[in-house]
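See structure below.
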Amino acid sequence: MGVPRAPDPVLLLVAVFSRYPEAIDWARQKVVEEWGPLALESPAFPFSHTDYYTSTMGPDLKKVFFAPADLIDPGRLPAIKIQTNSWEAEYAELRLFPEPRPLNIDPGYLTLGKLVLASTKDFTHRIYLGLGIYGEVTLFYRHQRWQHHEWTFADYRQPEYHEFFNRCRDYLHERLREVTSPCGGSSS
């Protein structure tokens, strides 16, 4: 019989997209205020794989990933998704731009073996996490590379994303070595 144990800490990833650089900057500030300084930030990737968001967010969207330096308990993901949803609503209420949804913030986390995204939408490949939030294993790491599932969003299949996620995975690997070293310090 298996014995339940606490999960290893994970790297929080916050995907932010908008057509407005100032909206992305606002979200970066919120992430840092809430979860501390960033360990990694991706370049601004063009988000052009779907027209799904055009009616509410406009064209020419860019997506940026933020990875705070401190690792988290993966069980916090539902509360984090609730928090980022409230930030989206807060920013929309500022009415700085004509679009009803000028900013999209999607949290998830990365382990050494997978990338998990949070969603408010249930589907056959998502599991309920609590607080009205579902989790999806969007990518998995096998044979020294990130691989996708049939349900993985098109943008998450891009090699450029995978390069950034490799940097995140390397950072997480180093942090986990520090956390699990016998003396509590760096294990270099």
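Every chain in the structure tokens has a letter given in the order shown (A, B, ...), and although residue numbers restart at 1 in each chain, ligands are simply numbered from 1 in the order shown.
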For this session: Using DSSP on the backbone coordinates, identify the residues of chain A assigned to helix (DSSP H, G or I); present them as a ChimeraX atom specification.
Result: /A:21-35,54-57,74-93,154-157,159-180
Exercise. Do you know which residues are at most 8 Å from Leu112 in chain A counting only C-alpha atoms, after dropping those on the same chain fewer than 4 positions away, and could you put them as a PyMOL selection string?
Worked result: chain A and resi 141+169+172-173
Exercise. Between A:Arg145, A:Leu12, A:Tyr20, A:Thr111, which one has atoms that come closest to Glu41 in chain A, using only C-alpha atoms?
Worked result: A:Leu12
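For the atom pair formed by CA of Pro102 in chain A and CA of Lys63 in chain A, the distance is 12.5 Å, given to one decimal.
The residue that comes closest to Ile82 in chain A, out of A:Pro107, A:Gly36, A:Gly58, A:Pro7 and on the basis of only C-alpha atoms, is A:Pro107.
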For this session: Fewer than 2 positions away in the same chain doesn't count, so skip those; otherwise give me all residues within 8 Å of Trp151 in chain A, counting only C-alpha atoms, as a list in words.
Result: His125, Thr138, His148, His149 and Phe153 of chain A
May I have the residues from that selection written out with N, CA and C atoms, as a PDB file, in the first residue's frame?
```pdb
ATOM      1  N   HIS A 125     -10.276  15.603 -20.644  1.00  0.00           N
ATOM      2  CA  HIS A 125      -8.878  15.404 -20.270  1.00  0.00           C
ATOM      3  C   HIS A 125      -8.464  16.262 -19.074  1.00  0.00           C
ATOM      4  N   THR A 138      -0.652  19.661 -19.975  1.00  0.00           N
ATOM      5  CA  THR A 138      -0.578  20.191 -21.337  1.00  0.00           C
ATOM      6  C   THR A 138       0.610  19.633 -22.109  1.00  0.00           C
ATOM      7  N   HIS A 148       3.714  16.899 -26.681  1.00  0.00           N
ATOM      8  CA  HIS A 148       2.335  17.356 -26.494  1.00  0.00           C
ATOM      9  C   HIS A 148       1.346  16.191 -26.561  1.00  0.00           C
ATOM     10  N   HIS A 149       0.147  16.488 -26.100  1.00  0.00           N
ATOM     11  CA  HIS A 149      -0.979  15.559 -26.212  1.00  0.00           C
ATOM     12  C   HIS A 149      -1.854  16.016 -27.373  1.00  0.00           C
ATOM     13  N   PHE A 153      -2.895  22.918 -26.713  1.00  0.00           N
ATOM     14  CA  PHE A 153      -3.107  24.112 -27.529  1.00  0.00           C
ATOM     15  C   PHE A 153      -1.953  24.270 -28.518  1.00  0.00           C
TER      16      PHE A 153
END
```
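The interatomic distance for the pair CA of Pro4 in chain A and CA of Phe123 in chain A works out to 27.1 Å.
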